[in-house]
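Peer 1: I'm passing along upload39.txt; it holds compact mmCIF, C-alpha atoms and all ligand atoms.
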# COMPACT_ATOMS: atom_id res chain seq x y z
CA MET A 157 9.65 -11.41 22.26
CA ALA A 158 10.35 -7.68 22.44
CA THR A 159 7.60 -5.58 23.97
CA LEU A 160 6.77 -2.01 23.02
CA ASP A 161 8.45 -0.81 26.16
CA GLU A 162 11.65 -2.39 24.86
CA VAL A 163 11.47 -1.30 21.20
CA GLU A 164 11.44 2.42 20.55
CA SER A 165 8.64 2.40 18.00
CA PHE A 166 7.21 0.27 15.23
CA ALA A 167 9.49 -0.47 12.30
CA VAL A 168 8.86 0.94 8.83
CA SER A 169 11.63 -0.58 6.71
CA ARG A 170 10.88 -3.97 5.21
CA GLN A 171 14.21 -5.38 6.36
CA ASP A 172 13.57 -4.36 9.98
CA VAL A 173 10.10 -5.87 9.77
CA LEU A 174 11.44 -9.15 8.33
CA ASP A 175 14.10 -9.24 11.07
CA GLN A 176 11.43 -8.76 13.72
CA VAL A 177 9.24 -11.49 12.21
CA SER A 178 12.27 -13.82 12.05
CA GLY A 179 12.72 -13.34 15.78
CA ILE A 180 9.21 -14.52 16.70
CA ASP A 181 9.24 -17.37 19.20
CA ALA A 182 6.16 -19.30 18.08
CA ALA A 183 6.38 -21.86 20.87
CA ARG A 184 6.51 -19.19 23.57
CA TYR A 185 3.73 -17.30 21.80
CA ALA A 186 1.41 -20.27 22.22
CA ARG A 187 1.93 -20.17 26.00
CA THR A 188 1.83 -16.40 26.51
CA ARG A 189 -0.42 -14.92 23.84
CA ASN A 190 -3.30 -14.12 26.18
CA PHE A 191 -1.13 -12.21 28.65
CA THR A 192 -0.87 -8.48 28.02
CA ASP A 193 2.87 -8.79 27.38
CA GLY A 194 2.43 -11.82 25.11
CA GLY A 195 1.66 -10.65 21.55
CA THR A 196 4.16 -10.29 18.70
CA GLN A 197 3.08 -6.71 17.87
CA ILE A 198 3.42 -7.31 14.14
CA SER A 199 -0.13 -6.16 13.35
CA PRO A 200 0.83 -2.72 11.96
CA TYR A 201 3.14 -4.47 9.47
CA LEU A 202 0.39 -6.79 8.27
CA THR A 203 -2.27 -4.07 8.16
CA ARG A 204 -0.04 -1.76 6.13
CA GLY A 205 1.03 -4.57 3.79
CA LEU A 206 4.73 -4.24 4.66
CA VAL A 207 4.73 -8.04 4.85
CA THR A 208 2.06 -10.53 3.87
CA LEU A 209 0.43 -13.29 5.89
CA PRO A 210 2.07 -16.14 3.90
CA GLU A 211 5.49 -14.47 4.24
CA VAL A 212 5.09 -14.26 8.02
CA ARG A 213 3.85 -17.84 8.30
CA ASP A 214 6.66 -19.19 6.09
CA LEU A 215 9.38 -17.31 7.98
CA VAL A 216 8.11 -18.73 11.26
CA LEU A 217 7.85 -22.25 9.82
CA GLU A 218 11.55 -22.08 8.88
CA ARG A 219 12.35 -22.24 12.60
CA PHE A 220 9.39 -24.03 14.18
CA THR A 221 7.49 -27.20 13.41
CA ARG A 222 3.87 -26.98 12.29
CA SER A 223 2.80 -28.23 15.67
CA GLN A 224 4.88 -25.61 17.56
CA ALA A 225 3.57 -22.87 15.25
CA TYR A 226 -0.04 -24.11 15.27
CA LYS A 227 -1.41 -21.43 17.64
CA PHE A 228 0.42 -18.63 15.82
CA VAL A 229 -0.81 -19.69 12.37
CA PHE A 230 -4.30 -20.12 13.84
CA GLU A 231 -4.28 -16.48 14.97
CA LEU A 232 -2.90 -15.29 11.61
CA ALA A 233 -5.83 -17.14 10.04
CA TRP A 234 -8.25 -14.90 11.94
CA ARG A 235 -6.85 -12.00 9.98
CA GLU A 236 -7.24 -13.81 6.67
CA TYR A 237 -10.79 -14.78 7.66
CA TRP A 238 -11.85 -11.20 8.41
CA GLN A 239 -10.20 -9.94 5.17
CA ARG A 240 -12.12 -12.52 3.15
CA GLU A 241 -15.40 -11.62 4.88
CA TRP A 242 -14.87 -7.95 4.02
CA THR A 243 -14.02 -8.80 0.41
CA PHE A 244 -17.17 -10.88 0.11
CA LEU A 245 -19.65 -8.89 2.22
CA GLY A 246 -18.38 -5.36 1.44
CA ASP A 247 -19.99 -2.53 3.41
CA ARG A 248 -22.37 -4.95 5.14
CA ILE A 249 -19.64 -5.52 7.76
CA PHE A 250 -20.16 -1.93 8.95
CA SER A 251 -23.62 -2.61 10.41
CA ASP A 252 -25.03 -5.36 12.65
CA LEU A 253 -24.39 -8.50 10.63
CA LYS A 254 -26.33 -11.49 11.96
CA ARG A 255 -28.59 -9.91 14.57
CA SER A 256 -29.22 -6.48 16.07
CA GLN A 257 -27.29 -5.57 19.18
CA HIS A 258 -29.47 -5.72 22.30
CA PRO A 259 -29.84 -4.06 24.76
CA VAL A 260 -28.45 -0.68 23.66
CA SER A 261 -28.73 2.44 25.86
CA SER A 262 -26.61 4.76 23.72
CA ARG A 263 -24.62 4.93 20.50
CA ARG A 264 -22.05 7.27 22.07
CA ILE A 265 -18.84 6.10 23.72
CA PRO A 266 -18.66 6.46 27.52
CA ARG A 267 -16.35 9.36 28.49
CA ALA A 268 -14.59 7.09 30.99
CA VAL A 269 -13.64 4.61 28.23
CA ARG A 270 -12.33 7.32 25.90
CA ASP A 271 -10.38 9.03 28.68
CA GLY A 272 -9.02 5.90 30.31
CA GLY A 273 -10.91 6.63 33.52
CA THR A 274 -12.99 3.49 34.10
CA GLY A 275 -11.22 2.65 37.38
CA ILE A 276 -10.10 -0.69 35.90
CA ASP A 277 -6.36 -0.04 36.05
CA ALA A 278 -5.23 -2.54 33.39
CA LEU A 279 -7.78 -1.19 30.93
CA ASP A 280 -7.07 2.47 31.70
CA ALA A 281 -3.34 1.76 31.25
CA ALA A 282 -4.06 0.09 27.90
CA VAL A 283 -5.93 3.22 26.72
CA GLY A 284 -2.96 5.36 27.82
CA LYS A 285 -0.63 3.10 25.87
CA LEU A 286 -2.91 3.33 22.83
CA TYR A 287 -2.60 7.13 22.86
CA ASP A 288 1.18 6.92 23.37
CA THR A 289 2.03 4.18 20.86
CA GLY A 290 -0.96 3.37 18.60
CA TYR A 291 -1.04 -0.22 19.87
CA MET A 292 -3.26 -2.20 22.22
CA HIS A 293 -2.97 -5.89 23.14
CA ASN A 294 -5.74 -8.21 21.90
CA HIS A 295 -6.99 -9.07 25.37
CA ALA A 296 -7.20 -5.38 26.34
CA ARG A 297 -9.19 -4.75 23.12
CA MET A 298 -11.60 -7.48 24.18
CA TRP A 299 -11.99 -6.07 27.71
CA LEU A 300 -12.46 -2.58 26.29
CA ALA A 301 -15.07 -3.61 23.71
CA GLY A 302 -16.83 -5.93 26.17
CA LEU A 303 -17.02 -3.23 28.84
CA THR A 304 -18.26 -0.64 26.34
CA CYS A 305 -20.86 -2.79 24.56
CA ASN A 306 -22.02 -5.33 27.10
CA ILE A 307 -21.58 -3.60 30.47
CA GLY A 308 -22.03 -0.01 29.19
CA ARG A 309 -24.73 -1.11 26.69
CA THR A 310 -23.25 1.02 23.94
CA HIS A 311 -23.76 0.22 20.27
CA TRP A 312 -20.39 -0.96 18.91
CA TRP A 313 -20.12 1.31 15.83
CA GLU A 314 -19.01 4.70 17.24
CA PRO A 315 -16.58 3.22 19.79
CA SER A 316 -15.09 1.07 17.02
CA LEU A 317 -14.42 4.20 14.95
CA TRP A 318 -12.65 5.75 17.94
CA LEU A 319 -10.40 2.71 18.43
CA TYR A 320 -9.70 2.46 14.69
CA TYR A 321 -8.72 6.16 14.62
CA HIS A 322 -5.90 5.55 17.09
CA LEU A 323 -4.57 2.13 16.03
CA LEU A 324 -1.48 1.91 13.81
CA ASP A 325 -2.90 -1.47 12.77
CA GLY A 326 -6.41 -0.05 12.30
CA ASP A 327 -8.08 -2.37 9.83
CA PRO A 328 -11.77 -1.90 8.99
CA ALA A 329 -12.44 -5.64 8.78
CA SER A 330 -10.49 -6.86 11.84
CA ASN A 331 -11.79 -3.93 13.85
CA SER A 332 -15.49 -3.87 12.89
CA LEU A 333 -15.88 -7.63 12.86
CA SER A 334 -14.08 -8.05 16.21
CA TRP A 335 -16.35 -5.44 17.80
CA GLN A 336 -19.33 -7.29 16.33
CA TRP A 337 -17.97 -10.58 17.64
CA VAL A 338 -17.73 -9.07 21.15
CA ALA A 339 -21.15 -7.36 20.96
CA GLY A 340 -22.85 -10.56 19.81
CA THR A 341 -24.06 -9.18 16.46
CA ASN A 342 -21.76 -11.54 14.58
CA SER A 343 -21.38 -14.36 17.10
CA ASN A 344 -23.57 -16.62 19.19
CA LYS A 345 -22.40 -15.27 22.53
CA LYS A 346 -21.41 -11.85 23.82
CA TYR A 347 -17.98 -11.38 25.37
CA VAL A 348 -18.33 -10.10 28.95
CA PRO A 349 -15.13 -9.00 30.74
CA ALA A 350 -14.65 -9.92 34.41
CA GLN A 351 -12.04 -8.56 36.81
CA GLN A 352 -10.84 -12.08 37.65
CA ASN A 353 -9.92 -12.55 33.98
CA VAL A 354 -8.17 -9.13 33.87
CA ASN A 355 -6.26 -10.05 37.04
CA LYS A 356 -5.17 -13.36 35.53
CA TYR A 357 -3.83 -11.95 32.25
CA SER A 358 -2.49 -8.50 33.21
CA PRO A 359 0.22 -7.67 35.76
CA LEU A 360 -2.24 -5.48 37.71
CA THR A 361 -4.35 -7.23 40.37
CA GLN A 362 -7.37 -5.29 41.55
CA HIS A 363 -10.68 -5.76 43.37
CA ASP A 364 -13.92 -3.82 43.82
CA THR A 365 -14.03 -2.47 40.26
CA VAL A 366 -17.31 -2.30 38.30
CA ILE A 367 -16.52 -5.66 36.72
CA ASP A 368 -15.47 -7.44 39.93
CA HIS A 369 -18.48 -9.78 39.86
CA GLY A 370 -19.37 -13.25 38.65
CA TYR A 371 -20.46 -13.68 35.02
CA GLY A 372 -24.13 -14.15 35.98
CA VAL A 373 -24.24 -10.74 37.71
CA LEU A 374 -22.22 -9.01 34.98
CA ALA A 375 -24.58 -10.20 32.26
CA GLU A 376 -27.64 -8.73 33.96
CA MET A 377 -26.47 -5.65 35.87
CA ALA A 378 -27.52 -2.04 35.15
CA VAL A 379 -25.04 0.28 33.44
CA PRO A 380 -22.58 1.37 36.18
CA ASP A 381 -22.51 5.11 36.98
CA VAL A 382 -18.93 5.49 35.68
CA LEU A 383 -20.10 4.54 32.17
CA THR A 384 -23.23 6.70 31.94
CA GLU A 385 -21.63 9.98 30.78
CA ARG A 386 -21.25 9.89 26.99
CA VAL A 387 -19.21 11.94 24.53
CA GLU A 388 -19.80 12.90 20.94
CA LEU A 389 -16.81 11.99 18.82
CA ASP A 390 -15.18 14.53 16.56
CA LEU A 391 -12.71 12.41 14.61
CA ARG A 392 -11.07 14.14 11.67
CA TRP A 393 -8.26 13.28 9.33
CA THR A 394 -5.51 15.85 8.81
CA PRO A 395 -4.07 15.17 5.35
CA PRO A 396 -0.29 15.21 4.96
CA PRO A 397 1.31 17.51 2.36
CA SER A 398 0.81 16.11 -1.13
CA ASP A 399 3.64 15.64 -3.65
CA GLU A 400 3.09 16.92 -7.20
CA PRO A 401 1.35 14.22 -9.28
CA MET A 402 4.05 13.98 -11.96
CA VAL A 403 3.46 10.98 -14.20
CA ASP A 404 5.63 9.91 -17.13
CA PRO A 405 2.98 8.66 -19.61
CA ALA A 406 5.53 6.36 -21.25
CA LYS A 407 5.74 4.25 -18.07
CA PRO A 408 3.18 2.22 -16.16
CA THR A 409 1.96 3.64 -12.84
CA VAL A 410 2.27 1.36 -9.82
CA LEU A 411 -0.29 2.49 -7.26
CA TYR A 412 -0.21 1.87 -3.50
CA HIS A 413 -2.80 2.56 -0.78
CA SER A 414 -2.58 2.82 2.99
CA PHE A 415 -3.19 -0.94 3.37
CA TRP A 416 -0.53 -1.85 0.83
CA LEU A 417 2.81 -0.11 1.31
CA ASN A 418 4.99 -3.05 0.36
CA ALA A 419 8.42 -1.80 -0.72
CA ALA A 420 9.32 -5.10 -2.43
CA TRP A 421 6.22 -5.33 -4.62
CA ARG A 422 6.63 -4.88 -8.41
CA GLN A 423 10.16 -3.53 -8.04
CA ASP A 424 11.07 -5.24 -11.33
CA VAL A 425 8.87 -2.75 -13.23
CA ASP A 426 10.29 0.60 -14.40
CA ALA A 427 7.31 2.66 -13.30
CA ASN A 428 5.84 5.81 -11.84
CA ARG A 429 5.17 4.94 -8.18
CA ILE A 430 2.36 6.67 -6.33
CA VAL A 431 0.98 6.17 -2.85
CA LEU A 432 -2.55 7.49 -3.24
CA LEU A 433 -4.35 8.74 -0.12
CA GLU A 434 -7.95 9.50 -1.02
CA PRO A 435 -9.68 12.10 1.22
CA SER A 436 -13.06 10.41 0.61
CA TRP A 437 -11.74 7.24 2.28
CA PHE A 438 -10.20 9.08 5.24
CA ASP A 439 -13.34 11.21 5.71
CA ARG A 440 -15.22 7.96 6.14
CA PHE A 441 -12.59 6.25 8.26
CA PRO A 442 -10.48 9.02 9.84
CA VAL A 443 -7.15 8.18 11.45
CA SER A 444 -5.08 10.11 13.99
CA PRO A 445 -2.01 12.23 13.14
CA MET A 446 0.13 9.45 14.67
CA VAL A 447 -1.35 6.89 12.25
CA THR A 448 -0.94 9.25 9.27
CA ASP A 449 2.68 9.81 10.27
CA TYR A 450 3.26 6.05 10.41
CA VAL A 451 1.67 5.59 6.97
CA MET A 452 3.86 8.39 5.58
CA ARG A 453 7.03 6.88 7.03
CA CYS A 454 6.14 3.50 5.52
CA ALA A 455 5.39 5.20 2.18
CA ARG A 456 8.80 6.90 2.18
CA GLU A 457 10.42 3.45 2.30
CA ILE A 458 9.10 2.64 -1.19
CA PRO A 459 11.91 3.58 -3.60
CA GLY A 460 10.89 6.49 -5.85
CA ALA A 461 7.33 6.71 -4.53
CA ARG A 462 5.44 10.02 -4.45
CA VAL A 463 2.62 10.48 -1.95
CA ILE A 464 -0.43 12.08 -3.56
CA VAL A 465 -3.51 13.24 -1.63
CA ALA A 466 -6.28 13.16 -4.25
CA GLU A 467 -9.14 11.05 -5.58
CA PHE A 468 -8.36 8.29 -8.07
CA ASP A 469 -11.08 9.58 -10.42
CA ASP A 470 -9.54 13.09 -10.49
CA LEU A 471 -6.09 11.93 -11.61
CA ASP A 472 -4.75 11.11 -15.02
CA LEU A 473 -2.45 8.20 -14.24
CA GLY A 474 -1.99 7.01 -17.82
CA ASP A 475 -3.38 3.88 -19.45
CA ASN A 476 -1.31 1.34 -17.58
CA VAL A 477 -2.14 1.36 -13.86
CA ILE A 478 -1.09 -1.54 -11.64
CA TYR A 479 -2.52 -1.84 -8.11
CA MET A 480 -3.22 -4.32 -5.31
CA ARG A 481 -6.89 -5.26 -5.17
CA HIS A 482 -8.43 -4.35 -1.82
CA PRO A 483 -11.96 -3.72 -0.50
CA SER A 484 -11.03 -0.09 0.32
CA VAL A 485 -10.40 0.71 -3.37
CA PRO A 486 -13.22 -1.00 -5.31
CA HIS A 487 -13.32 1.93 -7.77
CA TRP A 488 -9.68 1.73 -8.87
CA ARG A 489 -9.16 0.59 -12.45
CA GLY A 490 -6.19 -1.07 -14.12
CA THR A 491 -4.35 -4.34 -13.69
CA ALA A 492 -5.07 -5.67 -10.21
CA ASP A 493 -2.78 -8.06 -8.35
CA GLU A 494 -4.49 -10.31 -5.80
CA MET A 495 -3.66 -10.04 -2.11
CA PRO A 496 -1.49 -13.10 -1.23
CA ARG A 497 -3.43 -15.63 0.86
CA MET A 498 -2.11 -18.21 3.33
CA PHE A 499 -4.74 -20.65 2.16
CA PRO A 500 -5.16 -20.03 -1.60
CA ASP A 501 -6.96 -23.38 -2.08
CA VAL A 502 -9.76 -22.47 0.34
CA PRO A 503 -12.63 -21.06 -1.76
CA GLU A 504 -13.24 -17.30 -1.63
CA LYS A 505 -16.72 -17.00 -0.08
CA SER A 506 -18.33 -15.97 3.18
CA TYR A 507 -18.05 -18.57 5.95
CA ALA A 508 -20.65 -18.90 8.71
CA SER A 509 -17.94 -18.83 11.37
CA PHE A 510 -14.19 -18.79 11.82
CA THR A 511 -14.41 -22.44 12.84
CA SER A 512 -15.88 -23.48 9.50
CA PHE A 513 -13.21 -21.45 7.67
CA TRP A 514 -10.42 -22.94 9.79
CA LYS A 515 -11.64 -26.49 9.15
CA GLN A 516 -11.24 -25.88 5.43
CA CYS A 517 -7.78 -24.39 5.97
CA GLU A 518 -6.67 -27.45 7.90
CA ARG A 519 -8.03 -29.76 5.20
CA THR A 520 -6.00 -28.00 2.49
CA THR A 521 -2.74 -28.07 4.48
CA ARG A 522 -2.79 -31.74 5.53
C1 LIG B 601 -12.28 -4.91 19.59
C2 LIG B 601 -11.14 -5.40 18.72
C3 LIG B 601 -10.65 -4.60 17.69
C4 LIG B 601 -9.61 -5.05 16.88
N1 LIG B 601 -9.16 -4.23 15.86
C5 LIG B 601 -8.15 -4.66 15.06
C6 LIG B 601 -7.65 -3.84 14.01
O1 LIG B 601 -8.14 -2.73 13.76
N2 LIG B 601 -6.61 -4.32 13.27
C7 LIG B 601 -6.04 -5.54 13.51
O2 LIG B 601 -5.08 -5.91 12.82
N3 LIG B 601 -6.52 -6.35 14.47
C8 LIG B 601 -7.53 -5.95 15.26
N4 LIG B 601 -7.99 -6.77 16.26
C9 LIG B 601 -7.45 -8.13 16.38
C10 LIG B 601 -6.26 -8.27 17.35
O3 LIG B 601 -6.57 -7.68 18.57
C11 LIG B 601 -4.97 -7.66 16.80
O4 LIG B 601 -4.71 -8.15 15.51
C12 LIG B 601 -3.79 -8.04 17.71
O5 LIG B 601 -4.02 -7.56 19.01
C13 LIG B 601 -2.53 -7.44 17.16
O6 LIG B 601 -1.47 -7.62 18.05
P1 LIG B 601 -0.31 -8.63 17.74
O7 LIG B 601 0.29 -8.35 16.42
O8 LIG B 601 0.60 -8.60 18.93
O9 LIG B 601 -1.10 -10.01 17.67
P2 LIG B 601 -0.58 -11.50 17.81
O10 LIG B 601 -1.35 -12.15 18.89
O11 LIG B 601 0.88 -11.54 17.89
O12 LIG B 601 -1.06 -12.17 16.45
C14 LIG B 601 -0.26 -12.16 15.25
C15 LIG B 601 -1.11 -11.58 14.13
O13 LIG B 601 -2.28 -12.39 13.91
C16 LIG B 601 -3.39 -11.58 13.57
N5 LIG B 601 -4.42 -11.71 14.60
C17 LIG B 601 -4.26 -12.20 15.86
N6 LIG B 601 -5.45 -12.21 16.51
C18 LIG B 601 -6.35 -11.70 15.65
C19 LIG B 601 -7.76 -11.47 15.71
N7 LIG B 601 -8.48 -11.76 16.80
N8 LIG B 601 -8.38 -10.94 14.63
C20 LIG B 601 -7.67 -10.65 13.51
N9 LIG B 601 -6.34 -10.88 13.39
C21 LIG B 601 -5.70 -11.39 14.43
C22 LIG B 601 -2.88 -10.15 13.54
O14 LIG B 601 -2.56 -9.80 12.22
C23 LIG B 601 -1.66 -10.21 14.43
O15 LIG B 601 -0.72 -9.22 14.12
C24 LIG B 601 -9.05 -6.34 17.10
C25 LIG B 601 -9.55 -7.13 18.13
C26 LIG B 601 -10.57 -6.67 18.94
C27 LIG B 601 -11.07 -7.55 20.05
How does this structure look as structure tokens?
Ligand SMILES: Cc1cc2nc3c(=O)[nH]c(=O)nc-3n(C[C@H](O)[C@H](O)[C@H](O)COP(=O)(O)OP(=O)(O)OC[C@H]3O[C@@H](n4cnc5c(N)ncnc54)[C@H](O)[C@@H]3O)c2cc1C
Peer 2:
Amino acid sequence: MATLDEVESFAVSRQDVLDQVSGIDAARYARTRNFTDGGTQISPYLTRGLVTLPEVRDLVLERFTRSQAYKFVFELAWREYWQREWTFLGDRIFSDLKRSQHPVSSRRIPRAVRDGGTGIDALDAAVGKLYDTGYMHNHARMWLAGLTCNIGRTHWWEPSLWLYYHLLDGDPASNSLSWQWVAGTNSNKKYVPAQQNVNKYSPLTQHDTVIDHGYGVLAEMAVPDVLTERVELDLRWTPPPSDEPMVDPAKPTVLYHSFWLNAAWRQDVDANRIVLLEPSWFDRFPVSPMVTDYVMRCAREIPGARVIVAEFDDLDLGDNVIYMRHPSVPHWRGTADEMPRMFPDVPEKSYASFTSFWKQCERTTR
């Protein structure tokens, strides 16, 4: 599997993305996923809708048996699970879901976490890589969130906005609900990072860091000095230049958003094509210039698409609007296509846990 050090940057063309997905070694993935060089790094493509979950699964199943691909499909299912929870629960996923976080000393992110200065080398390197590339490995995200929430006793919300701001794959559901899973507000147990675990799964071995203790000590210890200084976040979205909203009223308007930039979708329709970036959404969930640039480059891959920075309600897009239904655009009107699911026979509802969702998925694919 290529790592980010080997590939220059994330792909934007659908063909490059499909080629990358076709190269996934699902059997190796199962053995290496937890190591910091073990992920497939396809999350920006899924988050931006360049490919769909069933497409990725089916491409991998062309080359691997179900049993070889089990772990990979299992992880893809986490994404589908969080998307379904967001669809069903709406904005409730943006506050403590099942129980309040406790104990909390501050809502503000520790300076050392934001600046990559915790003294835990693997974590600090992962923050540096996030700033350089917009990507962070799953295990590093867990260490980061666990350190911030459960060692630094920080409420998960503000730090989650910071991480989301920088991730090319920033997804409100996967991000918020994963932070809540780590912080114990949407799970039965908090995730506490220990140096021995970091040493096992990253190439950097270290001792005498603030998390170089047994789990019993880590769960009870006072907030270490390095995490006590807090910073107020000032996250803002810089909008890209907007194209002129020219719409031919004789044609339907096919509308894309930043979570659906699929260049193959609805190409059979002779249509106006608009990627609509709504400032009200980005004011609520700002993203970095690097993320905006990635979204713009993906948008430019859609043949004939114009990128418009405006609110849906302020535009006259004609009577025939076609869009992809998504929890970020509940106010859009027109003909909505449904986001393709890997497990269409599993009922759309909220599940008490991923395990209960996964059981249903397995039942429908027997
Ligand atoms: C604190 C925290 C914040 C996160 N924020 C995001 C986010 O904003 N956007 C996002 O897409 N993922 C998020 N995740 C989930 C996960 O870390 C990333 O999906 C994964 O690291 C992406 O890298 P990859 O493509 O190499 O994953 P791989 O391990 O190669 O997995 C393949 C695909 O499966 C899906 N997947 C795998 N694990 C998870 C998971 N735990 N939850 C949801 N989907 C998963 C992703 O779409 C991923 O691309 C977060 C996890 C944590 C702990």
Peer 1: As a ChimeraX atom specification, please: every protein or nucleic acid residue near ligand LIG 601 (chain B) (cut-off 7 Å, counting all atoms listed in the file).
Peer 2: /A:189,195-200,202-203,228,231-232,234-235,238,292-295,297-298,301,320,323,325-328,330-332,334-335,338
Peer 1: Kindly export the residues of the current selection with C-alpha atoms, as a PDB file, in the frame of the given file.
Peer 2:
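Written file, out-v2.pdb:
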ATOM      1  CA  ARG A 189      -0.420 -14.920  23.840  1.00  0.00           C
ATOM      2  CA  GLY A 195       1.660 -10.650  21.550  1.00  0.00           C
ATOM      3  CA  THR A 196       4.160 -10.290  18.700  1.00  0.00           C
ATOM      4  CA  GLN A 197       3.080  -6.710  17.870  1.00  0.00           C
ATOM      5  CA  ILE A 198       3.420  -7.310  14.140  1.00  0.00           C
ATOM      6  CA  SER A 199      -0.130  -6.160  13.350  1.00  0.00           C
ATOM      7  CA  PRO A 200       0.830  -2.720  11.960  1.00  0.00           C
ATOM      8  CA  LEU A 202       0.390  -6.790   8.270  1.00  0.00           C
ATOM      9  CA  THR A 203      -2.270  -4.070   8.160  1.00  0.00           C
ATOM     10  CA  PHE A 228       0.420 -18.630  15.820  1.00  0.00           C
ATOM     11  CA  GLU A 231      -4.280 -16.480  14.970  1.00  0.00           C
ATOM     12  CA  LEU A 232      -2.900 -15.290  11.610  1.00  0.00           C
ATOM     13  CA  TRP A 234      -8.250 -14.900  11.940  1.00  0.00           C
ATOM     14  CA  ARG A 235      -6.850 -12.000   9.980  1.00  0.00           C
ATOM     15  CA  TRP A 238     -11.850 -11.200   8.410  1.00  0.00           C
ATOM     16  CA  MET A 292      -3.260  -2.200  22.220  1.00  0.00           C
ATOM     17  CA  HIS A 293      -2.970  -5.890  23.140  1.00  0.00           C
ATOM     18  CA  ASN A 294      -5.740  -8.210  21.900  1.00  0.00           C
ATOM     19  CA  HIS A 295      -6.990  -9.070  25.370  1.00  0.00           C
ATOM     20  CA  ARG A 297      -9.190  -4.750  23.120  1.00  0.00           C
ATOM     21  CA  MET A 298     -11.600  -7.480  24.180  1.00  0.00           C
ATOM     22  CA  ALA A 301     -15.070  -3.610  23.710  1.00  0.00           C
ATOM     23  CA  TYR A 320      -9.700   2.460  14.690  1.00  0.00           C
ATOM     24  CA  LEU A 323      -4.570   2.130  16.030  1.00  0.00           C
ATOM     25  CA  ASP A 325      -2.900  -1.470  12.770  1.00  0.00           C
ATOM     26  CA  GLY A 326      -6.410  -0.050  12.300  1.00  0.00           C
ATOM     27  CA  ASP A 327      -8.080  -2.370   9.830  1.00  0.00           C
ATOM     28  CA  PRO A 328     -11.770  -1.900   8.990  1.00  0.00           C
ATOM     29  CA  SER A 330     -10.490  -6.860  11.840  1.00  0.00           C
ATOM     30  CA  ASN A 331     -11.790  -3.930  13.850  1.00  0.00           C
ATOM     31  CA  SER A 332     -15.490  -3.870  12.890  1.00  0.00           C
ATOM     32  CA  SER A 334     -14.080  -8.050  16.210  1.00  0.00           C
ATOM     33  CA  TRP A 335     -16.350  -5.440  17.800  1.00  0.00           C
ATOM     34  CA  VAL A 338     -17.730  -9.070  21.150  1.00  0.00           C
TER      35      VAL A 338
END
Peer 1: So that I can see what lies close to Arg219 of chain A, please list as number ranges by chain the residues with an atom at most 9 Å from it, counting all atoms listed in the file and leaving out residues fewer than 2 positions away in the same chain.
Peer 2: A: 178, 181-182, 215-217, 221
Peer 1: What is the atom CA of Pro500 of chain A to atom CA of Arg184 of chain A distance in Å?
Peer 2: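 Atom CA of Pro500 of chain A sits 27.8 Å away from atom CA of Arg184 of chain A.
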Peer 1: Out of A:Tyr412, A:Trp318, A:Phe441, A:Phe220, which residue has the shortest atom-to-atom distance to Ile464 of chain A when counting all atoms listed in the file?
Peer 2: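 Looking only at the distances to Ile464 of chain A, the closest residue turns out to be A:Tyr412.
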Peer 1: Have a look at A:Leu374, A:Ala225, A:Ala278, A:Ile458 and name the one nearest to Val212 of chain A; count all atoms listed in the file.
Peer 2: A:Ala225
Peer 1: Tell me, in Å to one decimal, how far atom CA of Gln336 of chain A is from atom CA of Arg263 of chain A.
Peer 2: 14.0 Å
Peer 1: Report, in Å with one decimal, the straight-line distance from atom CA of Phe438 of chain A to atom CA of His487 of chain A.
Peer 2: 15.2 Å
Peer 1: What's around Gly490 of chain A at 7 Å? Count only C-alpha atoms, leave out sequence neighbours fewer than 5 positions away in its own chain, and write the answer as a ChimeraX atom specification.
Peer 2: /A:476-478
Peer 1: Using all atoms listed in the file, determine which residues lie at most 10 Å from Pro266 of chain A, disregarding the query and same-chain residues fewer than 6 positions distant; provide the list as a PyMOL selection string.
Peer 2: chain A and resi 273-274+303-305+308-310+315+382-388
Peer 1: Using all atoms listed in the file, which of A:Ala461, A:Leu286, A:Ala420, A:Cys517 sits nearest His322 of chain A?
Peer 2: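 Counting all atoms listed in the file, the residue closest to His322 of chain A is A:Leu286.
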Peer 1: Determine the nearest neighbour of Tyr185 of chain A from the options A:Pro259, A:Trp488, A:Lys227, A:Leu206, counting only C-alpha atoms.
Peer 2: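 Using only C-alpha atoms, Tyr185 of chain A sits closest to A:Lys227.
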Peer 1: Using only C-alpha atoms, can you tell me which of A:Thr243, A:Ser484, A:Thr491, A:Thr511 comes closest to Phe230 of chain A?
Peer 2: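 The closest residue to Phe230 of chain A is A:Thr511.
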